[in-house]
Structures are given as C-alpha cells and as structure tokens.
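First the structure, in the form of structure tokens, and then the observations on it.
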Amino acid sequence: MLVAALAVFLGAVVWAVARFGLDAADQTASVVGGSIALLTLPISLYALRTPDSTETGGVAAREWVPAAAVSASLRPPVPSAQVRGRDVELALLRLARRGGGMAVVCGAGGLGKTTLAAQAAHQAQQARMGVFWVRWQDDPSRLAENLTRVAQALGLTEERLEAARRGQAVLVDVVWEQLAAVSGWVIVVDNVDTPARVGPGRDPVASYRGWLRPDGAGLLIVTSRDTAVSTWGRRAQMLNLGPLEETAATAVLTDAAPAAGGEEEAQALAVRLGSLPLALEAAGRYLATATSRYRSFTAYREALDREFGDLLGAEHPQAADPDIARTVVRHTWGLSLKQLHGDGYTLARPLLHLLALLEAAPIPRSLVTPALLADATGQDVTATALDAALAGLHQYALLDTPRTAVGASAENGASVSGGQVVLHPVVREVMAITPTGTDPAPWLTALDAHLIQAVNDTIHVGRAGWPTARLLAPHLPALLNRATDQTFTPTRNTLKELAQVLREAGAFTEEHLVGKHILDADEHRLGPDHPDTLTSRTSFANTLALLGLYQEATDLQQRTLTDRERTLGPDHPDTLANRLYFATSLNDLGRYREAVDLLRQTLIDCERILDPDHPETLTNRNNLANALAGLGQHQEAADLHRQTLTDRERILGPDHPDTLTSSHNFAASLNDLGRYREAADLHHQTLADHEHILGPHHPDILATRSNLAVALVGLGQYREAADLDRRTLADRERNCGPNHPDTLTSRNNLAATLVRLGQHQEAADLYRQTLTDRERILGPDHPDTLTSRNNLARAEAAVARAGRGWWSRLRRRGRP
C-alpha cells in the first residue's frame with residue numbers, strides 16, 4: 001500500500017513539472033513534506049470511488065488524486081459565511097452527486113448562485129470527493145484548457161491527449177470519456193452568462209456535444225443568469241433561485257452585523273431589501289464597518305428612503321471589471337443588460353428603465369406596448385422587438401411573469417395568467433435612479449398618457465377589465481401628483497371611474513388606495529368644503545365600510561354630513577345621500593334604533609325630493625329593511641325587501657348588481673322568518689343567475705352562499721351546510737382577510753352548524769376565536785359580539801355535558 005501511494009505521489013510530481021513547471025511541483029511535494037509524511041497520505045488526498053463495470057463500461061479509474069496536483073486556480077473558494085435559506089437546493093445537489101449529470105444554478109444577479117455553488121463544493125470536499133472550480137471568462141479556449149486539466153487530474157492519459165493533438169480523436173470527446181469513466185468528482189463552472197459562446201463550434205449547450213454535458217459519472221454544476229430550459233436542455237437539473245425567505249434573510253443580516261439590532265429590526269430591513277442576498281450582504285458589510293454613518297438596522301432602513309442612491313445605488317470606480325461589478329448592487333444587473341444588448345436585444349435596457357418608473361407592484365402586460373416604449377424613447381419599436389426584449393429580460397430573471405392570480409381577480413373568475421410583469425423591488429429602485437441617462441420627464445409624460453389610456457380602455461369592458469383594473473390601481477396615484485392645473489380635473493375624474501369599477505369588482509383594497517389619493521388631492525387642490533372634495537370623502541367613507549372599518553367610516557360620514565348640511569342645506573340631494581350613508585354606518589356599528597329612525601326620515605325626504613323610483617330612494621329602502629332586521633322586525637324588513645326587489649328588477653333589470661343585492665337580502669329575510677325552503681330556492685336562483693356576472697368568489701356571491709348555508713341548516717341539511725360554510729370561510733379569509741366582519745360571521749356560522757352536527761369542541765374553539773376577534777374589532781358591546789359571547793357559553797356548556805355523559809357511561813360499564 002505504501003509503495004502504491006509513493007508511486008502515485010511521484011507520478012503527480014512528474015506530471016505537475018511537465019504540465020505547470022517547478023512551482024506546481026513544489027506545491028505537490030509540500031503536501032507530504034518528506035517520506036515520513038507518507039504514512040498520513042490518505043488524509044491529504046481526495047478519495048475517488050472506482051466505479052464498477054455497470055457504471056463505466058469497465059474502464060478503471062485512478063484510485064487517488066493528490067489535492068495539490070491541480071493548479072490553485074481550479075480550487076473552489078472557501079465559503080466566507082454560513083449559507084442561509086438554501087437547504088433545499090443544497091440537498092438536491094447532494095442527491096445529484098450520487099448519480100452524476102449536470103445541475104444549473106440559475107437566476108438573476110445578486111441571488112447568490114456562486115455562494116450556493118461554493119457551499120455545495122465545500123460539502124463535496126467534506127465528503128472526500130474530487131472538487132474542481134472553473135471560472136467562465138467568456139473564452140472557450142480557456143474553458144477547454146481548464147476542463148482538460150481536470151480530466152488529467154482524474155486520470156486522463158497522455159496517450160489519449162496525444163491522439164487528440166494528432167487529430168485522431170476530438171478533444172472534447174476525449175475529456176468527457178474520461179469524466180464518464182471516473183465518479184466521485186464535482187466540477188463547478190461558474191458564471192456562464194454567455195452559454196452560446198461555450199463551444200466548441202456553434203453547437204448550443206443543449207445539444208450536449210460541447211464542453212458542458214450531463215454525461216459524466218460525477219456532477220457538473222453550472223451557475224448562470226440564463227434561466228431558459230431551452231438553453232441548457234431537458235437533461236439538465238434546473239435550480240432556479242429566488243429571493244430568500246424572510247427568516248433566512250434576517251439571519252444573513254444578523255450574521256453579518258450582530259450588534260446592529262434585534263431580530264425584528266433585522267427582519268424589517270430584510271423586507272425592505274426584498275430579501276435579495278446581494279443587497280443583504282452589502283447592508284451587512286456596511287453596518288459591520290466601524291466608520292459607517294449608520295450602525296443599526298433601523299437607521300439603515302430609514303436612510304434607504306432618503307439615500308438609496310448612495311447606499312445601494314452608488315457607482316463603483318472599477319465597475320468595468322465584471323468580477324467587481326458582480327459584487328456591487330448598482331452594477332450587477334448591468335452585466336446582464338450588456339449581454340442582452342450584445343445578443344441583439346437592444347430594447348431590453350430602455351424597457352427595464354421604463355418599467356422601473358412604475359410602482360413596486362405587478363404591471364399589467366397590456367400596458368407594455370410598442371407605442372409606450374416608442375413615445376418614451378423616441379425610437380421605432382415593433383411588437384416583435386418588444387416581445388423579444390421582454391423574453392430576454394425574463395430569460396435573465398430581471399423580470400418575472402407570474403402565472404398566479406392577483407388578489408381576487410382570478411377568484412372572480414377572470415384569469416390573469418401571463419397578464420403581468422413583476423420587477424424585484426431592489427432591481428426597480430436601482431434601475432430607476434437614472435432612467436435614461438438624460439431627462440426622465442419625457443418618459444414620465446409618456447407613462448402618464450398611456451396609463452390614462454389604459455384606464456379608459458379598462459372601465460368600458462365590464463368584468464373582463466377587472467383584473468387589469470386591479471393591476472393598474474397601484475400605479476395611478478402618481479398621476480395626480482404630476483398633474484397640472486389643466487389636467488388635474490380630467491385625470492381625477494378618470495381615476496374616480498376606475499374606483500367605481502374596482503368597487504363593482506369587489507376589489508375594495510385597491511379602491512381604498514385610489515380613493516384615498518383622490519381625496520387627499522381634492523383636499524389639497526380644492527379645499528375641504530369644495531363639493532368635489534365632499535363627494536370624494538363620502539365615497540372613501542363607503543370604501544372604509546366595505547373593508548369592515550365601521551367606526552372610521554361612521555366618523556367620516558358624520559363629518560361630511562355636517563359639512564354638507566352647512567354648505568348645501570338639508571334638502572340637497574347630496575345631503576340626503578350623506579344622511580343615508582351615515583345611517584347605514586350606524587347600522588354597521590349595531591346602533592339599529594338610531595339607524596332606523598334616521599333612515600325612515602331620509603326615505604320620506606328622498607321620495608319627496610327625488611322620486612320613489614330614484615336609485616338613491618331604493619337604496620334607502622333596502623338599508624332601512626336591513627336595520628329593521630337588526631331590531632328583529634323581520635316581517636316589515638321582508639316586505640320592504642320584496643318591494644325593493646320588484647322595483648329594482650323593473651327599473652334596473654334582473655342582472656344589475658343592486659338587483660342582486662335585493663334578491664340576496666329578500667332571501668335572507670325569509671331565513672329570518674323561518675321560511676327556509678323559499679329562502680334556499682331564492683339563494684340557489686341568485687347564485688345561478690349572477691355567478692356568471694360577478695364570478696364565484698365575488699363578495700356579494702359569498703354573502704349569498706353564506707345565507708344559503710343558513711337556509712340549509714334550517715332544512716336540517718347540516719353536512720351540506722357545514723361544507724358550504726367551510727368554503728365560504730376559506731374564501732373570505734383569502735379575499736377579505738381574517739379580521740373582516742364578514743369573515744367573523746362565516747366563522748360564527750360554521751361553529752353554529754358544527755353544533756348541529758354534535759362537534760361541540762370544534763364549535764367552542766371557533767366561537768372563542770370569533771368572540772376574541774369581535775371584541776377587538778367591533779367592540780365589547782356590538783350586538784354581534786354579544787351574540788358570540790352567548791354562543792360560546794352555550795357551546796362550552798355542551799362540551800361539559802358531553803364530558804359528563806362520557807364519564808357516566810364509563811362508570812356504568814365498570815359496574816359489576
């Protein structure tokens with residue numbers, strides 16, 4: 001054994017002298033340090049498995065390869081810090097080592113591809129595997145030389161190399177024959193961002209005839225910004241990296257700067273940085289430097305809003321060096337854009353700059369048109385060139401096109417698959433620092449014009465425009481900020497029309513965003529008493545109520561009513577409308593008697609001043625019926641709802657949303673009267689008639705489904721009711737949030753149904769959770785809170801009775 005080891009060692013020294021000169025031979029000799037050190041030789045060498053005939057076709061492999069026999073340039077970097085949040089990817093790479101092949105670690109710049117590969121290489125070293133690191137330098141000949149040296153270290157003979165030199169064999173095939181014959185190795189080829197140049201020749205990587213192949217008995221790891229499966233072929237295992245999870249991102253910061261603050265502060269900064277590893281590392285290095293101006297996570301996060309360009313968007317004097325550019329947040333994506341431009345995607349850079357001028361939110365694909373980019377840049381832009389630029393940016397992971405729904409848009413039945421593009425927030429902020437290198441005003445002017453056009457296109461297409469309306473909403477407030485005195489009113493009115501579309505779509509969160517900005521702009525430009533301002537305030541208060549923020553809505557409605565009565569008088573139609581909305585807010589707060597009194601008087605005034613068939617009069621009658629139901633006057637409420645339904649069907653038509661509301665409310669009043677079969681039939685009819693108009697998960701449809709479950713309970717169909725309650729609760733939690741009063745109602749109703757099924761413990765748990773939430777959200781004296789308190793007491797009593805019954809039965813079974 002000792003003789004064999006000595007022979008290998010001497011062979012390695014001779015090979016190193018022949019290949020690299022005396023310096024490499026000295027490095028090789030230093031591993032053993034003399035004949036005595038030969039006794040510890042296996043510790044200093046990488047062990048390579050000798051594959052059996054089934055793995056290599058019977059080709060023998062070299063048993064030992066001296067660690068220092070390979071040039072230092074092929075040694076992997078040592079991980080400088082613990083790798084966070086990539087456990088799944090590392091596990092996949094460890095698994096891939098067993099069977100060999102090729103894994104591509106890909107994603108945008110700044111996601112830590114090289115860091116992950118270095119950690120995988122380190123783990124392979126710990127497993128006593130042969131590990132080699134090759135830096136792609138956009139030079140196929142250098143790659144050929146490095147992989148040939150790797151193959152020689154793994155036993156490639158001089159005879160086979162000489163055959164390639166004489167043209168009797170193809171060098172790339174000779175190298176890969178050797179890599180297929182020996183297992184137990186890992187080769188990393190880092191930063192292959194120009195895979196089309198890998199070679200040899202013009203064959204693409206996916207043909208697997210070039211220098212990168214999945215044919216080895218060991219594992220080839222490639223890192224690249226190119227995420228296209230078509231580039232790497234179907235046999236490559238793709239590991240497409242994204243930003244870190246918040247927990248891992250937080251740990252990166254606390255690892256780098258443990259004295260900069262607590263975990264919560266670090267988490268807030270991690271969220272602000274979009275959990276992007278490169279940005280996290282840059283922030284951590286800054287905070288750990290004793291001379292930095294900001295030394296805490298909180299101070300750094302707050303400074304980003306003021307000094308992003310200095311902290312993360314700063315220029316680097318040596319940015320022309322690709323290795324330096326990769327470590328600088330400002331420049332890391334410039335490398336990808338440079339490559340795209342060189343590949344003919346000349347619109348990629350201006351397009352990314354243009355998209356970065358929008359908000360940090362998904363962008364509707366329909367907004368990104370050739371006309372928009374042409375108006376912004378002054379260039380000729382074709383649809384084909386624009387599509388190519390988008391595809392290139394996506395291929396290099398500079399933007400994403402998620403195939404998921406936005407909010408409730410898909411819940412309402414309209415797919416938005418492929419209808420949006422998303423930029424990482426840090427990419428957006430960096431690219432927005434200098435949008436064009438010149439004056440950004442023309443770009444913003446073009447954006448404003450096309451946003452207005454997109455809104456106009458959206459508000460006239462009905463439900464088909466709802467997904468786009470939701471996507472447009474976050475990008476619209478800036479329009480009012482940039483509006484001139486001449487453009488303010490038409491811009492504001494266009495946004496009001498979109499807010500109405502959002503309300504019809506049930507997109508109350510997006511409506512709140514747009515409505516709040518309209519109100520702020522009106523108060524600033526027109527003053528607090530201007531009629532337009534008061535109208536905006538009323539609309540915004542109604543949005544607050546739809547979001548379940550009843551107290552805020554009531555306060556705002558009361559303030560606006562006072563201002564209307566003072567400026568317009570008590571009988572002005574706008575004053576009547578405000579009185580109606582204020583009374584409705586009182587009803588939401590459970591102040592039913594006050595609401596009924598105010599609504600009765602307002603109904604009389606509406607019929608006198610407006611018309612008995614005026615939409616505002618019908619709304620008043622509908623809301624009065626709801627308040628009467630709160631007081632327990634169910635027959636009068638049902639009569640009013642029936643009358644309102646008849647009038648709305650006649651005036652508005654059977655498919656109008658207000659008619660749907662009346663149909664739902666009349667059916668609910670039948671539930672209150674115990675007429676469950678009629679109620680269930682009407683609810684079924686309402687769902688059948690209107691799901692195709694609003695979608696199966698619109699808030700109005702969910703309300704109908706909730707009350708249908710109540711009717712089913714009254715009919716004794718408890719299991720079907722429980723299933724419907726669970727569905728509705730899940731949808732409301734997803735669409736409205738866990739704290740919305742409608743969500744709490746669904747949870748209460750499910751608990752009530754579970755009581756009927758004898759599932760008392762689960763019901764008690766739901767009642768307890770609902771009571772806690774209602775006390776916090778609605779207050780301890782709201783009628784719904786009192787109902788929850790009573791329901792919980794009854795459920796806990798039922799649980800106690802069930803426990804006593806069980807103990808009694810057990811005792812009876814135990815008697816002699």
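Lettering and numbering for the structure tokens are positional, with chains as A, B, ... in the shown order, residues counted from 1 in each chain, and ligands counted from 1 in the shown order.
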- request: For stretch 593-608 of chain A, work out the shell of residues within 12 Å, counting only C-alpha atoms and skipping chain neighbours fewer than 6 positions away, then give it as an MDAnalysis selection string.
  value: chainID A and resid 554 570:587 614:633 637 640
All helix (DSSP H, G or I) positions in stretch 463-669 of chain A, as a PyMOL selection string: chain A and resi 463-475+477-482+488-504+508-525+531-546+550-568+573-588+592-609+615-630+634-651+657-669
- request: Name the residues in contact with stretch 73-87 of chain A at a cut-off of 8 Å, using only C-alpha atoms, excluding same-chain residues fewer than 6 positions from it; report them as a ChimeraX atom specification.
  value: /A:115-116,118-119,121-122,131-134,146,244-245,247-249,251-252
field: Residue neighbourhood A:Met102, 7 Å, only C-alpha atoms, exclusion window fewer than 4 positions, as a PyMOL selection string
entry: chain A and resi 213-214+219-221+236-237
Resulting file, chosen residues, C-alpha atoms, as a short mmCIF file (atom, residue, chain, number, x, y, z; two decimals), in the first residue's frame:
data_model
loop_
_atom_site.label_atom_id
_atom_site.label_comp_id
_atom_site.auth_asym_id
_atom_site.auth_seq_id
_atom_site.Cartn_x
_atom_site.Cartn_y
_atom_site.Cartn_z
CA ARG A 213 -22.61 17.93 -20.76
CA PRO A 214 -24.74 15.84 -18.37
CA LEU A 219 -21.67 16.10 -11.00
CA LEU A 220 -21.16 19.17 -13.19
CA ILE A 221 -22.57 22.33 -11.57
CA ALA A 236 -30.07 19.43 -17.00
CA GLN A 237 -31.46 19.77 -13.49
#
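Non-sequential neighbours of A:Asn493 (distance at most 12 Å, separation of 4 or more positions within a chain, only C-alpha atoms) are A:Ile452, A:Val455, A:Asn456, A:Leu479, A:Leu480, A:Thr487, A:Phe488, A:Thr489, A:Glu497, A:Leu498, A:Ala499, A:Gln500, A:Val514, A:Gly515, A:Ile518, A:Leu519, A:Ala521, A:Asp522, A:Asp532, A:Thr535, A:Ser536.
Counting only C-alpha atoms, A:Asn240 has the following residues at most 6 Å away, ignoring those fewer than 2 positions along the same chain: Cys106, Gly107 and Met238 of chain A.
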File of the preceding selection, all heavy atoms, as an mmCIF file, in the first residue's frame:
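Final output, saved to part_11.cif:
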data_model
loop_
_atom_site.group_PDB
_atom_site.id
_atom_site.type_symbol
_atom_site.label_atom_id
_atom_site.label_comp_id
_atom_site.auth_asym_id
_atom_site.auth_seq_id
_atom_site.Cartn_x
_atom_site.Cartn_y
_atom_site.Cartn_z
ATOM 1 N N CYS A 106 -29.360 28.812 -11.454
ATOM 2 C CA CYS A 106 -29.585 29.978 -12.296
ATOM 3 C C CYS A 106 -30.488 30.993 -11.598
ATOM 4 O O CYS A 106 -31.146 30.687 -10.601
ATOM 5 C CB CYS A 106 -30.194 29.559 -13.638
ATOM 6 S SG CYS A 106 -31.725 28.608 -13.480
ATOM 7 N N GLY A 107 -30.508 32.192 -12.125
ATOM 8 C CA GLY A 107 -31.318 33.268 -11.565
ATOM 9 C C GLY A 107 -30.646 34.601 -11.836
ATOM 10 O O GLY A 107 -29.532 34.676 -12.369
ATOM 11 N N MET A 238 -32.516 21.961 -13.325
ATOM 12 C CA MET A 238 -32.550 23.410 -13.162
ATOM 13 C C MET A 238 -32.868 23.764 -11.717
ATOM 14 O O MET A 238 -33.882 23.332 -11.159
ATOM 15 C CB MET A 238 -33.605 24.021 -14.088
ATOM 16 C CG MET A 238 -33.436 23.670 -15.563
ATOM 17 S SD MET A 238 -31.943 24.381 -16.297
ATOM 18 C CE MET A 238 -32.368 26.124 -16.315
#
- request: Would you kindly return, as a VMD selection string, each protein, DNA or RNA residue with an atom no farther than 9 Å from any atom of A:Lys113, considering only C-alpha atoms and excluding same-chain residues fewer than 2 positions away?
  value: chain A and resid 105 to 111 115 to 118 190 to 191 223 to 225 241
Check stretch 191-381 of chain A with DSSP on the backbone and list each residue it calls strand (DSSP E), as a CSV table (one decimal) with N, CA, C and O atoms, in the first residue's frame.
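That gives us out_38.csv:
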chain,number,residue,atom,x,y,z
A,219,LEU,N,-20.7,15.0,-10.9
A,219,LEU,CA,-21.7,16.1,-11.0
A,219,LEU,C,-21.0,17.4,-11.5
A,219,LEU,O,-20.0,17.9,-11.0
A,220,LEU,N,-21.6,17.9,-12.6
A,220,LEU,CA,-21.2,19.2,-13.2
A,220,LEU,C,-22.2,20.2,-12.7
A,220,LEU,O,-23.4,20.1,-13.0
A,221,ILE,N,-21.7,21.2,-12.0
A,221,ILE,CA,-22.6,22.3,-11.6
A,221,ILE,C,-22.2,23.6,-12.4
A,221,ILE,O,-21.1,24.0,-12.4
A,222,VAL,N,-23.2,24.1,-13.0
A,222,VAL,CA,-23.0,25.4,-13.8
A,222,VAL,C,-23.8,26.5,-13.1
A,222,VAL,O,-25.0,26.3,-12.7
A,223,THR,N,-23.3,27.6,-12.9
A,223,THR,CA,-24.0,28.8,-12.5
A,223,THR,C,-24.2,29.8,-13.6
A,223,THR,O,-23.3,30.0,-14.4
A,224,SER,N,-25.4,30.4,-13.7
A,224,SER,CA,-25.7,31.2,-14.8
A,224,SER,C,-26.8,32.1,-14.5
A,224,SER,O,-27.7,31.8,-13.8
A,237,GLN,N,-30.6,19.5,-14.7
A,237,GLN,CA,-31.5,19.8,-13.5
A,237,GLN,C,-31.4,21.3,-13.2
A,237,GLN,O,-30.3,21.8,-12.9
A,238,MET,N,-32.5,22.0,-13.3
A,238,MET,CA,-32.6,23.4,-13.2
A,238,MET,C,-32.9,23.8,-11.7
A,238,MET,O,-33.9,23.3,-11.2
A,239,LEU,N,-32.0,24.6,-11.1
A,239,LEU,CA,-32.2,25.1,-9.8
A,239,LEU,C,-32.3,26.6,-9.9
A,239,LEU,O,-31.3,27.3,-9.9
A,240,ASN,N,-33.6,27.1,-10.1
A,240,ASN,CA,-33.8,28.5,-10.3
A,240,ASN,C,-34.0,29.2,-9.0
A,240,ASN,O,-35.0,29.0,-8.3
A,363,ILE,N,-47.2,44.8,-13.0
A,363,ILE,CA,-47.6,45.7,-14.0
A,363,ILE,C,-48.4,45.0,-15.1
A,363,ILE,O,-48.0,43.9,-15.5
A,364,PRO,N,-49.6,45.5,-15.5
A,364,PRO,CA,-50.4,44.8,-16.5
A,364,PRO,C,-49.6,44.7,-17.8
A,364,PRO,O,-49.1,45.7,-18.3
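The coordinates place atom CA of A:Arg306 at 26.6 Å from atom CA of A:Glu523.
Across the model, the gap from atom CA of A:Glu89 to atom CA of A:Leu287 is 28.6 Å.
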message: To one decimal place in Å, what is the distance between atom CA of A:Asp529 and atom CA of A:Lys516?
response: 16.6 Å
